[in-house]
>>> print(open('coords06.cif').read())   # mmCIF, C-alpha atoms and all ligand atoms
data_query
#
loop_
_atom_site.label_atom_id
_atom_site.label_comp_id
_atom_site.auth_asym_id
_atom_site.auth_seq_id
_atom_site.Cartn_x
_atom_site.Cartn_y
_atom_site.Cartn_z
CA MET A 26 -28.80 -20.20 -12.28
CA CYS A 27 -25.43 -21.29 -13.57
CA GLN A 28 -24.70 -17.68 -14.38
CA GLU A 29 -23.97 -17.06 -10.75
CA ASN A 30 -21.05 -19.43 -10.88
CA ILE A 31 -19.34 -17.68 -13.73
CA ILE A 32 -16.39 -15.76 -12.37
CA THR A 33 -15.59 -12.68 -14.40
CA PRO A 34 -11.84 -12.64 -15.03
CA LYS A 35 -9.96 -9.92 -13.24
CA LYS A 36 -8.86 -6.94 -15.30
CA LYS A 37 -5.15 -6.81 -15.97
CA VAL A 38 -2.72 -4.18 -14.75
CA LEU A 39 0.92 -3.67 -15.67
CA SER A 40 3.51 -1.30 -14.33
CA CYS A 41 7.28 -1.07 -14.09
CA ILE A 42 9.73 0.84 -11.98
CA GLN A 43 13.31 1.77 -12.76
CA PRO A 44 16.01 0.52 -10.42
CA SER A 45 17.73 3.86 -10.31
CA GLY A 46 18.99 4.63 -6.85
CA MET A 47 17.02 4.81 -3.67
CA LEU A 48 13.28 4.73 -3.89
CA THR A 49 11.68 7.62 -2.06
CA LEU A 50 8.59 8.33 -0.01
CA GLY A 51 7.34 10.02 -3.21
CA ASN A 52 7.66 6.74 -5.14
CA TYR A 53 5.89 4.96 -2.30
CA LEU A 54 2.94 7.28 -1.78
CA GLY A 55 2.67 8.27 -5.44
CA ALA A 56 2.89 4.82 -7.03
CA LEU A 57 3.97 1.79 -5.07
CA LYS A 58 1.30 2.05 -2.37
CA ASN A 59 -1.24 1.76 -5.17
CA TRP A 60 0.51 -1.27 -6.62
CA VAL A 61 0.10 -2.96 -3.27
CA ALA A 62 -3.57 -1.95 -3.12
CA MET A 63 -4.30 -3.13 -6.66
CA GLN A 64 -3.20 -6.71 -6.22
CA ASP A 65 -6.53 -7.90 -4.83
CA GLU A 66 -8.72 -6.38 -7.47
CA PHE A 67 -6.55 -6.93 -10.55
CA GLU A 68 -4.29 -9.48 -12.15
CA CYS A 69 -1.02 -7.61 -11.84
CA THR A 70 2.30 -7.75 -13.65
CA PHE A 71 5.09 -5.68 -12.13
CA ALA A 72 8.64 -5.38 -13.39
CA VAL A 73 11.92 -3.80 -12.45
CA ALA A 74 12.74 -1.87 -15.64
CA ASP A 75 16.49 -2.44 -15.66
CA LEU A 76 16.85 -2.06 -19.44
CA HIS A 77 15.46 1.45 -19.16
CA ALA A 78 18.00 2.33 -16.49
CA ILE A 79 20.99 2.16 -18.84
CA THR A 80 19.69 5.00 -21.00
CA VAL A 81 21.78 7.02 -18.55
CA ARG A 82 25.26 5.80 -17.67
CA GLN A 83 25.29 3.41 -14.70
CA ASP A 84 28.11 2.01 -12.65
CA PRO A 85 27.82 -1.80 -13.20
CA ALA A 86 28.22 -2.81 -9.54
CA ALA A 87 25.79 -0.13 -8.38
CA LEU A 88 23.26 -1.08 -11.05
CA ARG A 89 23.41 -4.74 -10.04
CA SER A 90 22.83 -3.95 -6.40
CA GLN A 91 19.99 -1.55 -7.23
CA ILE A 92 18.22 -4.19 -9.31
CA TYR A 93 18.36 -6.60 -6.39
CA SER A 94 17.30 -3.98 -3.93
CA THR A 95 14.40 -2.68 -6.02
CA TYR A 96 13.06 -6.21 -6.47
CA ALA A 97 13.44 -6.92 -2.75
CA LEU A 98 11.76 -3.65 -1.86
CA LEU A 99 8.69 -4.50 -3.95
CA LEU A 100 8.32 -7.67 -1.91
CA ALA A 101 9.00 -5.84 1.36
CA LEU A 102 6.22 -3.37 0.53
CA GLY A 103 3.80 -6.28 0.40
CA ILE A 104 3.62 -7.19 -3.27
CA ASP A 105 2.98 -10.91 -3.33
CA PRO A 106 5.09 -12.68 -5.98
CA GLU A 107 2.78 -15.71 -5.94
CA LYS A 108 -0.39 -13.80 -6.59
CA ASN A 109 1.19 -11.47 -9.15
CA THR A 110 3.90 -11.72 -11.77
CA VAL A 111 6.93 -9.84 -10.45
CA PHE A 112 10.07 -9.96 -12.56
CA ILE A 113 13.16 -8.24 -13.88
CA GLN A 114 12.66 -6.81 -17.37
CA SER A 115 15.99 -7.98 -18.87
CA HIS A 116 15.19 -11.58 -17.91
CA VAL A 117 12.45 -11.65 -20.53
CA PRO A 118 14.13 -11.05 -23.90
CA GLU A 119 10.82 -10.45 -25.68
CA HIS A 120 10.87 -6.88 -24.34
CA ALA A 121 13.93 -5.95 -26.39
CA ASN A 122 12.78 -8.11 -29.30
CA LEU A 123 9.32 -6.60 -29.59
CA SER A 124 10.84 -3.19 -29.16
CA TRP A 125 12.60 -3.68 -32.51
CA LEU A 126 9.38 -4.57 -34.32
CA LEU A 127 7.72 -1.54 -32.79
CA SER A 128 10.67 0.74 -33.60
CA CYS A 129 10.22 -0.03 -37.26
CA ASN A 130 6.63 1.12 -36.91
CA THR A 131 7.34 4.33 -35.02
CA GLN A 132 8.25 7.62 -36.61
CA PHE A 133 11.34 9.65 -35.81
CA GLY A 134 9.13 12.74 -35.58
CA GLU A 135 6.90 11.24 -32.89
CA MET A 136 9.84 10.32 -30.70
CA SER A 137 11.43 13.76 -31.11
CA ARG A 138 8.38 15.33 -29.53
CA MET A 139 8.66 13.40 -26.24
CA THR A 140 9.19 15.93 -23.48
CA GLN A 141 11.16 13.54 -21.27
CA PHE A 142 13.66 12.97 -24.07
CA LYS A 143 14.11 16.70 -24.47
CA ASP A 144 14.55 17.17 -20.71
CA LYS A 145 16.93 14.27 -20.25
CA SER A 146 19.08 15.13 -23.25
CA ALA A 147 19.37 18.68 -21.95
CA LYS A 148 20.44 17.28 -18.57
CA HIS A 149 23.01 14.84 -20.02
CA PRO A 150 24.30 16.57 -23.17
CA GLU A 151 27.36 14.31 -23.13
CA ASN A 152 25.29 11.14 -23.52
CA VAL A 153 22.30 11.65 -25.78
CA ASN A 154 22.24 8.01 -26.87
CA VAL A 155 19.85 6.29 -29.28
CA GLY A 156 18.40 4.24 -26.40
CA LEU A 157 17.35 7.42 -24.62
CA PHE A 158 15.62 8.48 -27.82
CA SER A 159 13.77 5.20 -28.33
CA TYR A 160 13.05 4.63 -24.62
CA PRO A 161 9.26 5.08 -25.12
CA VAL A 162 9.26 2.27 -27.71
CA LEU A 163 10.78 -0.13 -25.19
CA MET A 164 8.20 1.05 -22.69
CA ALA A 165 5.47 0.37 -25.27
CA ALA A 166 6.85 -3.17 -25.66
CA ASP A 167 6.83 -3.65 -21.85
CA ILE A 168 3.18 -2.77 -21.83
CA LEU A 169 1.86 -4.37 -25.00
CA LEU A 170 3.40 -7.82 -24.41
CA TYR A 171 1.07 -8.37 -21.43
CA LYS A 172 -2.14 -6.94 -22.91
CA PRO A 173 -3.05 -5.02 -19.76
CA ASP A 174 -6.37 -3.20 -19.46
CA PHE A 175 -4.78 -0.53 -17.27
CA VAL A 176 -1.38 1.01 -16.75
CA PRO A 177 -0.97 3.13 -13.62
CA VAL A 178 1.33 6.01 -14.50
CA GLY A 179 2.20 9.32 -12.98
CA ALA A 180 1.90 12.59 -14.83
CA ASP A 181 5.50 12.37 -16.11
CA GLN A 182 4.78 9.08 -17.89
CA LYS A 183 1.42 9.95 -19.42
CA GLN A 184 2.90 11.01 -22.72
CA HIS A 185 4.73 7.69 -22.93
CA LEU A 186 1.53 5.75 -22.36
CA GLU A 187 -0.17 7.83 -25.05
CA ILE A 188 2.53 6.95 -27.56
CA ALA A 189 2.26 3.26 -26.59
CA ARG A 190 -1.43 3.44 -27.41
CA ASP A 191 -0.69 5.16 -30.74
CA ILE A 192 1.93 2.58 -31.67
CA ALA A 193 -0.40 -0.30 -30.76
CA THR A 194 -3.33 1.15 -32.70
CA ARG A 195 -1.20 1.72 -35.76
CA PHE A 196 0.30 -1.78 -35.60
CA ASN A 197 -3.17 -3.35 -35.27
CA ASN A 198 -4.43 -1.31 -38.22
CA ILE A 199 -1.57 -2.42 -40.46
CA TYR A 200 -1.16 -6.06 -39.46
CA GLY A 201 -4.41 -7.07 -37.79
CA ASP A 202 -5.36 -7.37 -34.15
CA VAL A 203 -2.41 -8.17 -31.95
CA PHE A 204 -2.36 -5.68 -29.09
CA THR A 205 -4.88 -4.52 -26.51
CA ILE A 206 -5.05 -0.75 -26.24
CA PRO A 207 -4.37 0.02 -22.57
CA GLU A 208 -6.05 2.74 -20.55
CA PRO A 209 -4.24 4.92 -18.06
CA TYR A 210 -5.17 4.07 -14.49
CA ILE A 211 -5.75 7.05 -12.30
CA PRO A 212 -5.69 5.78 -8.73
CA LYS A 213 -8.38 6.93 -6.31
CA ALA A 214 -5.79 8.21 -3.89
CA GLY A 215 -2.66 8.97 -5.86
CA ALA A 216 -0.56 11.51 -4.05
CA ARG A 217 1.92 13.83 -5.67
CA ILE A 218 4.64 14.29 -3.08
CA MET A 219 6.85 17.35 -3.33
CA SER A 220 10.39 18.09 -2.21
CA LEU A 221 10.73 18.87 1.50
CA GLN A 222 13.12 21.68 0.69
CA ASP A 223 11.40 23.22 -2.33
CA PRO A 224 7.71 22.29 -2.28
CA ASN A 225 7.26 23.55 -5.84
CA LYS A 226 9.39 20.66 -7.14
CA LYS A 227 8.50 16.96 -7.15
CA MET A 228 10.31 14.87 -4.51
CA SER A 229 13.20 13.22 -6.32
CA LYS A 230 16.18 11.19 -5.23
CA SER A 231 18.28 12.98 -7.84
CA ASP A 232 17.89 16.19 -5.83
CA ASP A 233 21.32 17.40 -4.72
CA ASN A 234 20.00 18.23 -1.27
CA PRO A 235 19.43 14.94 0.63
CA ASN A 236 17.08 16.74 3.03
CA ALA A 237 14.68 17.22 0.12
CA TRP A 238 13.65 13.58 0.05
CA VAL A 239 12.99 10.66 2.35
CA ALA A 240 14.12 7.21 1.23
CA ILE A 241 11.75 4.32 1.91
CA LEU A 242 14.67 2.67 3.70
CA ASP A 243 15.75 5.68 5.80
CA ASP A 244 15.85 4.99 9.54
CA LYS A 245 13.53 6.65 12.03
CA ASP A 246 15.95 9.36 13.22
CA THR A 247 16.81 10.38 9.67
CA ILE A 248 13.14 10.57 8.70
CA ILE A 249 12.22 12.70 11.70
CA ARG A 250 15.21 14.98 11.17
CA LYS A 251 14.24 15.55 7.52
CA PHE A 252 10.66 16.42 8.45
CA LYS A 253 11.79 18.78 11.19
CA ARG A 254 13.82 20.64 8.58
CA ALA A 255 11.03 20.68 6.00
CA VAL A 256 10.56 24.11 4.45
CA THR A 257 7.23 25.76 5.27
CA ASP A 258 5.99 29.34 5.32
CA SER A 259 6.05 31.77 8.21
CA GLU A 260 2.41 31.43 9.15
CA ALA A 261 1.74 28.74 11.70
CA CYS A 262 -1.65 27.35 10.89
CA VAL A 263 -1.99 23.76 9.66
CA ARG A 264 -4.31 24.38 6.74
CA MET A 265 -4.25 23.17 3.13
CA SER A 266 -3.89 26.09 0.75
CA GLU A 267 -2.53 26.60 -2.75
CA ASP A 268 -0.37 29.49 -1.66
CA LYS A 269 1.19 27.41 1.14
CA PRO A 270 2.78 24.55 -0.82
CA GLY A 271 5.13 23.48 2.00
CA ILE A 272 2.54 22.85 4.68
CA SER A 273 0.09 21.50 2.07
CA ASN A 274 2.67 18.90 1.05
CA LEU A 275 3.10 17.83 4.67
CA ILE A 276 -0.67 17.58 5.08
CA THR A 277 -0.88 15.41 1.96
CA ILE A 278 1.84 13.14 3.30
CA TYR A 279 0.25 12.87 6.74
CA SER A 280 -3.24 12.26 5.41
CA THR A 281 -2.04 9.61 2.92
CA VAL A 282 0.02 7.78 5.51
CA THR A 283 -2.67 7.83 8.21
CA SER A 284 -5.65 7.49 5.82
CA LYS A 285 -7.24 10.54 7.44
CA THR A 286 -9.02 13.15 5.35
CA VAL A 287 -7.50 16.60 4.99
CA ALA A 288 -10.34 18.04 7.08
CA GLU A 289 -9.62 15.55 9.86
CA VAL A 290 -5.94 16.46 9.80
CA GLU A 291 -6.69 20.19 9.94
CA LYS A 292 -9.00 19.61 12.88
CA GLU A 293 -6.49 17.43 14.71
CA PHE A 294 -3.87 20.20 14.55
CA GLU A 295 -6.13 23.18 15.13
CA GLY A 296 -4.34 25.64 17.38
CA LYS A 297 -1.08 23.74 17.17
CA GLY A 298 2.10 25.03 15.59
CA TYR A 299 4.19 23.76 12.71
CA GLY A 300 6.74 22.22 15.08
CA ASP A 301 4.21 19.79 16.56
CA PHE A 302 2.82 18.98 13.16
CA LYS A 303 6.21 18.30 11.54
CA MET A 304 7.06 15.97 14.41
CA ALA A 305 3.75 14.12 13.99
CA VAL A 306 4.29 13.73 10.24
CA GLY A 307 7.84 12.43 10.82
CA GLU A 308 6.61 9.92 13.41
CA ALA A 309 3.73 8.72 11.22
CA VAL A 310 5.99 8.25 8.19
CA ALA A 311 8.68 6.53 10.26
CA ASP A 312 6.09 4.16 11.80
CA THR A 313 4.75 3.28 8.36
CA LEU A 314 8.16 2.63 6.88
CA ALA A 315 9.75 0.79 9.82
CA PRO A 316 8.14 -2.62 9.11
CA VAL A 317 9.00 -2.23 5.41
CA LYS A 318 12.63 -1.70 6.27
CA GLN A 319 12.60 -4.66 8.63
CA ARG A 320 11.15 -6.97 5.96
CA TYR A 321 13.56 -5.58 3.40
CA ASP A 322 16.58 -6.32 5.60
CA GLU A 323 15.43 -9.93 5.91
CA ILE A 324 14.64 -10.41 2.23
CA ILE A 325 17.90 -8.92 0.94
CA LYS A 326 19.95 -11.18 3.22
CA ASP A 327 18.72 -14.32 1.51
CA LYS A 328 19.94 -13.97 -2.09
CA LYS A 329 19.08 -17.61 -2.89
CA ALA A 330 15.44 -17.18 -1.97
CA LEU A 331 15.31 -13.87 -3.81
CA GLU A 332 16.80 -15.49 -6.90
CA ALA A 333 14.22 -18.29 -6.84
CA LEU A 334 11.46 -15.67 -6.78
CA TYR A 335 12.71 -13.51 -9.63
CA ARG A 336 13.46 -16.56 -11.78
CA GLU A 337 9.94 -17.85 -11.24
CA GLY A 338 8.60 -14.35 -11.97
CA ALA A 339 10.50 -14.28 -15.27
CA ARG A 340 9.21 -17.73 -16.18
CA LYS A 341 5.62 -16.64 -15.63
CA ALA A 342 6.15 -13.39 -17.51
CA GLU A 343 7.83 -15.04 -20.45
CA LYS A 344 4.94 -17.45 -20.96
CA VAL A 345 2.65 -14.51 -21.62
CA ALA A 346 5.20 -12.34 -23.43
CA CYS A 347 6.15 -15.14 -25.81
CA LYS A 348 2.62 -15.59 -27.08
CA THR A 349 2.15 -11.92 -27.93
CA TYR A 350 5.60 -11.62 -29.43
CA PHE A 351 5.19 -14.61 -31.75
CA LYS A 352 1.80 -13.42 -32.85
CA ALA A 353 3.32 -10.05 -33.76
CA MET A 354 6.24 -11.74 -35.59
CA LYS A 355 3.87 -13.88 -37.62
CA LYS A 356 1.67 -10.95 -38.57
CA VAL A 357 4.67 -8.95 -39.76
CA GLY A 358 5.68 -11.84 -42.01
CA PHE A 359 8.53 -13.57 -40.23
CA VAL A 360 8.98 -17.32 -40.58
CA ILE A 361 8.27 -18.84 -37.18
N1 LIG B 401 9.44 4.78 -17.71
C1 LIG B 401 8.86 4.46 -16.45
C2 LIG B 401 9.42 5.42 -15.37
O1 LIG B 401 10.53 5.88 -15.49
C3 LIG B 401 9.17 3.05 -16.03
C4 LIG B 401 8.57 2.09 -16.99
C5 LIG B 401 9.23 1.32 -17.89
C6 LIG B 401 7.19 1.81 -17.12
N2 LIG B 401 8.36 0.53 -18.59
C7 LIG B 401 7.11 0.81 -18.14
C8 LIG B 401 6.03 2.27 -16.47
C9 LIG B 401 5.87 0.28 -18.51
C10 LIG B 401 4.79 1.74 -16.85
C11 LIG B 401 4.73 0.76 -17.87
O2 LIG B 401 8.74 5.66 -14.40
#
>>> encode(input="coords06.cif", output="C-alpha cells")
Amino acid sequence: MCQENIITPKKKVLSCIQPSGMLTLGNYLGALKNWVAMQDEFECTFAVADLHAITVRQDPAALRSQIYSTYALLLALGIDPEKNTVFIQSHVPEHANLSWLLSCNTQFGEMSRMTQFKDKSAKHPENVNVGLFSYPVLMAADILLYKPDFVPVGADQKQHLEIARDIATRFNNIYGDVFTIPEPYIPKAGARIMSLQDPNKKMSKSDDNPNAWVAILDDKDTIIRKFKRAVTDSEACVRMSEDKPGISNLITIYSTVTSKTVAEVEKEFEGKGYGDFKMAVGEAVADTLAPVKQRYDEIIKDKKALEALYREGARKAEKVACKTYFKAMKKVGFVI
C-alpha cells in the first residue's frame, strides 16, 4: 500500500553552453529546445560555460556582455531558474579545482587525440594554449561534480563525453567510488540544423556569411530575409531527400518549429513552389522566436533581478559541487 506513496527521484541531467557570440536557430532547435522540454521530467542543472570560452581569445567587454546575454536567453527560452539549477560556471570554483585533480589523472596521449583540439588548433595556430588542450578535462569536471545520469550533447561533443566517462571510471577504480558514470542523452527530436547558404555545413555563428545563420534574437524581417535567400536546388518540389540538402534542411526546420511530421509538411506544400515554402518557414520561425526576443528584452533590462537569479543559481550549484569535490579530495589523500 505504502509503496504507492514512494516517489521515485527524478533522474538528473546536466548540460552547459558556451557564451560565445550570438546563439543561433541551430543552437535552439538542436539543443536548447530540448533543455526546455527536459525540465519537467528531469532534475536539471544548466550552466553558462564561461571558463571554456577563454580557450580562444575574447574581448573582455564582449565576453562580459555575452555571459549576461546567454544567461538571460536561457531564461527567455523558458528555462525556470527555480525548478532547475541555472548558473555561471566561473561562479562555482569547484569546476576549476576538480579539473586539476582530474588533469593529474588524465594522459597527455588521450587529450592529443581529441578531434576538436586538432580542429581548433588548426584554426587558431597563433593561440594553441594549454587550456584549449585540457578543455575536455574541465568539461569532465563540469559534468562529474553534479553526478548526472544523462548529459545531452550534440555529435561534436560526444568524444568529450566519452573521455569524461573514461576519466571518471579510472578515478573510481584508483580511489574508490566518487563519480557517477553519465550516459549520453539522445533527445527524441534533436534536429541538426545546417547553414542556410551551404546546407552541407552545420549552421554556425562563426560563419563569415551572416545569411548562413539565424540568431535567436534576430527580428522578424531579418529572419524572413535570410530564409528567402536560403540556398536550395533548382527543382521545385518540397520533398525530403538526401540529394537535396537545402530543401531538406528547411523541411527539418519547419517541421521542428511547427511540430508537424515531415510527411505532413510535404503534403501541406504539395504543388507549391520553393518561394511559398521559404516564406512559410521564415514566418513560422519568426513567430516562434518573437516571444523569446520579447522576454529577453525585458529580462536583460533588469540587471539587478538577473544578478539575484544567477547568484542563487551559483549557491545551489555550489552546494552540490562542494560535496563531490571534497569527497574526491579526501580520496586522493588531501587533508580536509
Ligand atoms: N563544450 C561544450 C560545447 O562547446 C560546452 C560544455 C562545457 C558542456 N561543459 C559542458 C556541455 C558539460 C555538456 C556538459 O558545446
>>> residues_near_ligand(input="coords06.cif", ligand="ligand LIG 401 (chain B)", cutoff="7 Å", atoms="all atoms listed in the file", output="number ranges by chain")
A: 39-43, 74, 77, 164-165, 167-168, 176-178, 182
>>> residues_around(input="coords06.cif", residues="range 118-131 of chain A", least_positions_apart="2", cutoff="9 Å", atoms="all atoms listed in the file", output="list in words")
Leu76, Gln114, Ser115, His116, Phe133, Gly134, Glu135, Met136, Ser159, Val162, Leu163, Met164, Ala165, Ala166, Asp167, Leu170, Ile192, Ala193, Arg195, Phe196, Glu343, Ala346, Cys347, Tyr350, Ala353, Met354 and Val357 of chain A
>>> atom_distance(input="coords06.cif", atom1="CA of Val239 in chain A", atom2="CA of Arg89 in chain A")
22.3 Å
>>> atom_distance(input="coords06.cif", atom1="CA of Gln132 in chain A", atom2="CA of Lys348 in chain A")
25.7 Å
>>> closest_residue(input="coords06.cif", among="A:Lys230, A:Lys172, A:Lys326, A:Lys297", to="Glu208 in chain A", atoms="only C-alpha atoms")
A:Lys172
>>> residues_around(input="coords06.cif", residues="Val282 in chain A", least_positions_apart="4", cutoff="10 Å", atoms="all atoms listed in the file", output="list in words")
Leu54, Lys58, Ile276, Thr277, Ile278, Val306, Ala309, Val310, Ala311, Asp312, Thr313 and Leu314 of chain A
>>> atom_distance(input="coords06.cif", atom1="CA of Arg264 in chain A", atom2="CA of Tyr53 in chain A")
23.7 Å
>>> residues_around(input="coords06.cif", residues="Arg254 in chain A", least_positions_apart="5", cutoff="10 Å", atoms="only C-alpha atoms", output="ChimeraX atom specification")
/A:221-222,236-237,249,300,303
>>> write_last_selection(input="coords06.cif", atoms="C-alpha atoms", output="PDB file, in the coordinates of the input")
ATOM      1  CA  LEU A 221      10.730  18.870   1.500  1.00  0.00           C
ATOM      2  CA  GLN A 222      13.120  21.680   0.690  1.00  0.00           C
ATOM      3  CA  ASN A 236      17.080  16.740   3.030  1.00  0.00           C
ATOM      4  CA  ALA A 237      14.680  17.220   0.120  1.00  0.00           C
ATOM      5  CA  ILE A 249      12.220  12.700  11.700  1.00  0.00           C
ATOM      6  CA  GLY A 300       6.740  22.220  15.080  1.00  0.00           C
ATOM      7  CA  LYS A 303       6.210  18.300  11.540  1.00  0.00           C
TER       8      LYS A 303
END
>>> residues_around(input="coords06.cif", residues="Glu293 in chain A", least_positions_apart="6", cutoff="10 Å", atoms="all atoms listed in the file", output="short mmCIF file (atom, residue, chain, number, x, y, z; two decimals) with C-alpha atoms, in the coordinates of the input")
data_model
loop_
_atom_site.label_atom_id
_atom_site.label_comp_id
_atom_site.auth_asym_id
_atom_site.auth_seq_id
_atom_site.Cartn_x
_atom_site.Cartn_y
_atom_site.Cartn_z
CA VAL A 263 -1.99 23.76 9.66
CA VAL A 287 -7.50 16.60 4.99
CA PHE A 302 2.82 18.98 13.16
#
>>> closest_residue(input="coords06.cif", among="A:Val256, A:Val38, A:Val155, A:Leu169", to="Thr194 in chain A", atoms="only C-alpha atoms")
A:Leu169
>>> closest_residue(input="coords06.cif", among="A:Thr283, A:Gln141, A:Thr110, A:Gln319", to="Lys245 in chain A", atoms="all atoms listed in the file")
A:Gln319
>>> residues_near_point(input="coords06.cif", point="(4.0, 14.0, -27.3)", cutoff="10 Å", atoms="only C-alpha atoms", output="list in words")
Gly134, Glu135, Met136, Ser137, Arg138, Met139, Thr140, Gln141, Lys183, Gln184, His185, Leu186, Glu187 and Ile188 of chain A
>>> write_last_selection(input="coords06.cif", atoms="C-alpha atoms", output="PDB file, in the coordinates of the input")
ATOM      1  CA  GLY A 134       9.130  12.740 -35.580  1.00  0.00           C
ATOM      2  CA  GLU A 135       6.900  11.240 -32.890  1.00  0.00           C
ATOM      3  CA  MET A 136       9.840  10.320 -30.700  1.00  0.00           C
ATOM      4  CA  SER A 137      11.430  13.760 -31.110  1.00  0.00           C
ATOM      5  CA  ARG A 138       8.380  15.330 -29.530  1.00  0.00           C
ATOM      6  CA  MET A 139       8.660  13.400 -26.240  1.00  0.00           C
ATOM      7  CA  THR A 140       9.190  15.930 -23.480  1.00  0.00           C
ATOM      8  CA  GLN A 141      11.160  13.540 -21.270  1.00  0.00           C
ATOM      9  CA  LYS A 183       1.420   9.950 -19.420  1.00  0.00           C
ATOM     10  CA  GLN A 184       2.900  11.010 -22.720  1.00  0.00           C
ATOM     11  CA  HIS A 185       4.730   7.690 -22.930  1.00  0.00           C
ATOM     12  CA  LEU A 186       1.530   5.750 -22.360  1.00  0.00           C
ATOM     13  CA  GLU A 187      -0.170   7.830 -25.050  1.00  0.00           C
ATOM     14  CA  ILE A 188       2.530   6.950 -27.560  1.00  0.00           C
TER      15      ILE A 188
END
>>> closest_atom_pairs(input="coords06.cif", of="range 81-151 of chain A", to="range 329-340 of chain A", cutoff="9 Å", atoms="all atoms listed in the file", output="CSV")
residue,atom,partner,partner_atom,distance
A:Tyr93,CA,A:Leu331,CA,8.3
A:Tyr96,CA,A:Tyr335,CA,8.0
A:Ala97,CA,A:Leu331,CA,7.3
A:Pro106,CA,A:Leu334,CA,7.1
A:Glu107,CA,A:Gly338,CA,8.5
A:Asn109,CA,A:Gly338,CA,8.4
A:Thr110,CA,A:Gly338,CA,5.4
A:Val111,CA,A:Gly338,CA,5.0
A:Phe112,CA,A:Gly338,CA,4.7
A:Ile113,CA,A:Ala339,CA,6.7
A:Gln114,CA,A:Ala339,CA,8.1
A:His116,CA,A:Ala339,CA,6.0
A:Val117,CA,A:Ala339,CA,6.2
>>> closest_residue(input="coords06.cif", among="A:Thr33, A:Ser273, A:Gln91, A:Thr49", to="Ile241 in chain A", atoms="all atoms listed in the file")
A:Thr49
>>> closest_residue(input="coords06.cif", among="A:Val345, A:Ala255, A:Ala72, A:Ala86", to="Trp60 in chain A", atoms="all atoms listed in the file")
A:Ala72
>>> closest_residue(input="coords06.cif", among="A:Asn52, A:Gln83, A:Thr286, A:Ser266", to="Asn152 in chain A", atoms="only C-alpha atoms")
A:Gln83
>>> decode(input="coords06.cif", residues="range 222-233 of chain A", atoms="N, CA, C and O atoms", output="short mmCIF file (atom, residue, chain, number, x, y, z; two decimals), in the first residue's frame")
data_model
loop_
_atom_site.label_atom_id
_atom_site.label_comp_id
_atom_site.auth_asym_id
_atom_site.auth_seq_id
_atom_site.Cartn_x
_atom_site.Cartn_y
_atom_site.Cartn_z
N GLN A 222 23.22 28.83 -46.28
CA GLN A 222 23.94 29.15 -47.51
C GLN A 222 24.72 27.96 -48.06
O GLN A 222 24.99 27.88 -49.25
N ASP A 223 25.13 27.06 -47.17
CA ASP A 223 25.80 25.83 -47.61
C ASP A 223 25.26 24.69 -46.76
O ASP A 223 25.77 24.39 -45.69
N PRO A 224 24.18 24.05 -47.24
CA PRO A 224 23.48 23.06 -46.42
C PRO A 224 24.30 21.80 -46.12
O PRO A 224 23.79 20.89 -45.46
N ASN A 225 25.54 21.75 -46.58
CA ASN A 225 26.39 20.62 -46.19
C ASN A 225 27.18 20.91 -44.93
O ASN A 225 27.87 20.04 -44.40
N LYS A 226 27.11 22.17 -44.46
CA LYS A 226 27.82 22.58 -43.24
C LYS A 226 26.81 22.85 -42.13
O LYS A 226 25.71 23.31 -42.40
N LYS A 227 27.24 22.60 -40.88
CA LYS A 227 26.35 22.88 -39.76
C LYS A 227 26.14 24.39 -39.62
O LYS A 227 27.06 25.17 -39.89
N MET A 228 24.93 24.81 -39.22
CA MET A 228 24.69 26.25 -39.00
C MET A 228 25.58 26.72 -37.86
O MET A 228 25.58 26.13 -36.79
N SER A 229 26.36 27.77 -38.10
CA SER A 229 27.27 28.24 -37.07
C SER A 229 27.41 29.75 -37.13
O SER A 229 27.51 30.34 -38.21
N LYS A 230 27.41 30.36 -35.94
CA LYS A 230 27.51 31.82 -35.91
C LYS A 230 28.89 32.29 -36.32
O LYS A 230 29.10 33.47 -36.58
N SER A 231 29.87 31.36 -36.36
CA SER A 231 31.20 31.80 -36.77
C SER A 231 31.33 31.81 -38.30
O SER A 231 32.38 32.14 -38.84
N ASP A 232 30.25 31.46 -38.98
CA ASP A 232 30.26 31.53 -40.44
C ASP A 232 30.43 32.98 -40.89
O ASP A 232 29.79 33.89 -40.36
N ASP A 233 31.31 33.20 -41.86
CA ASP A 233 31.58 34.57 -42.31
C ASP A 233 30.36 35.20 -42.98
O ASP A 233 30.21 36.42 -42.99
#
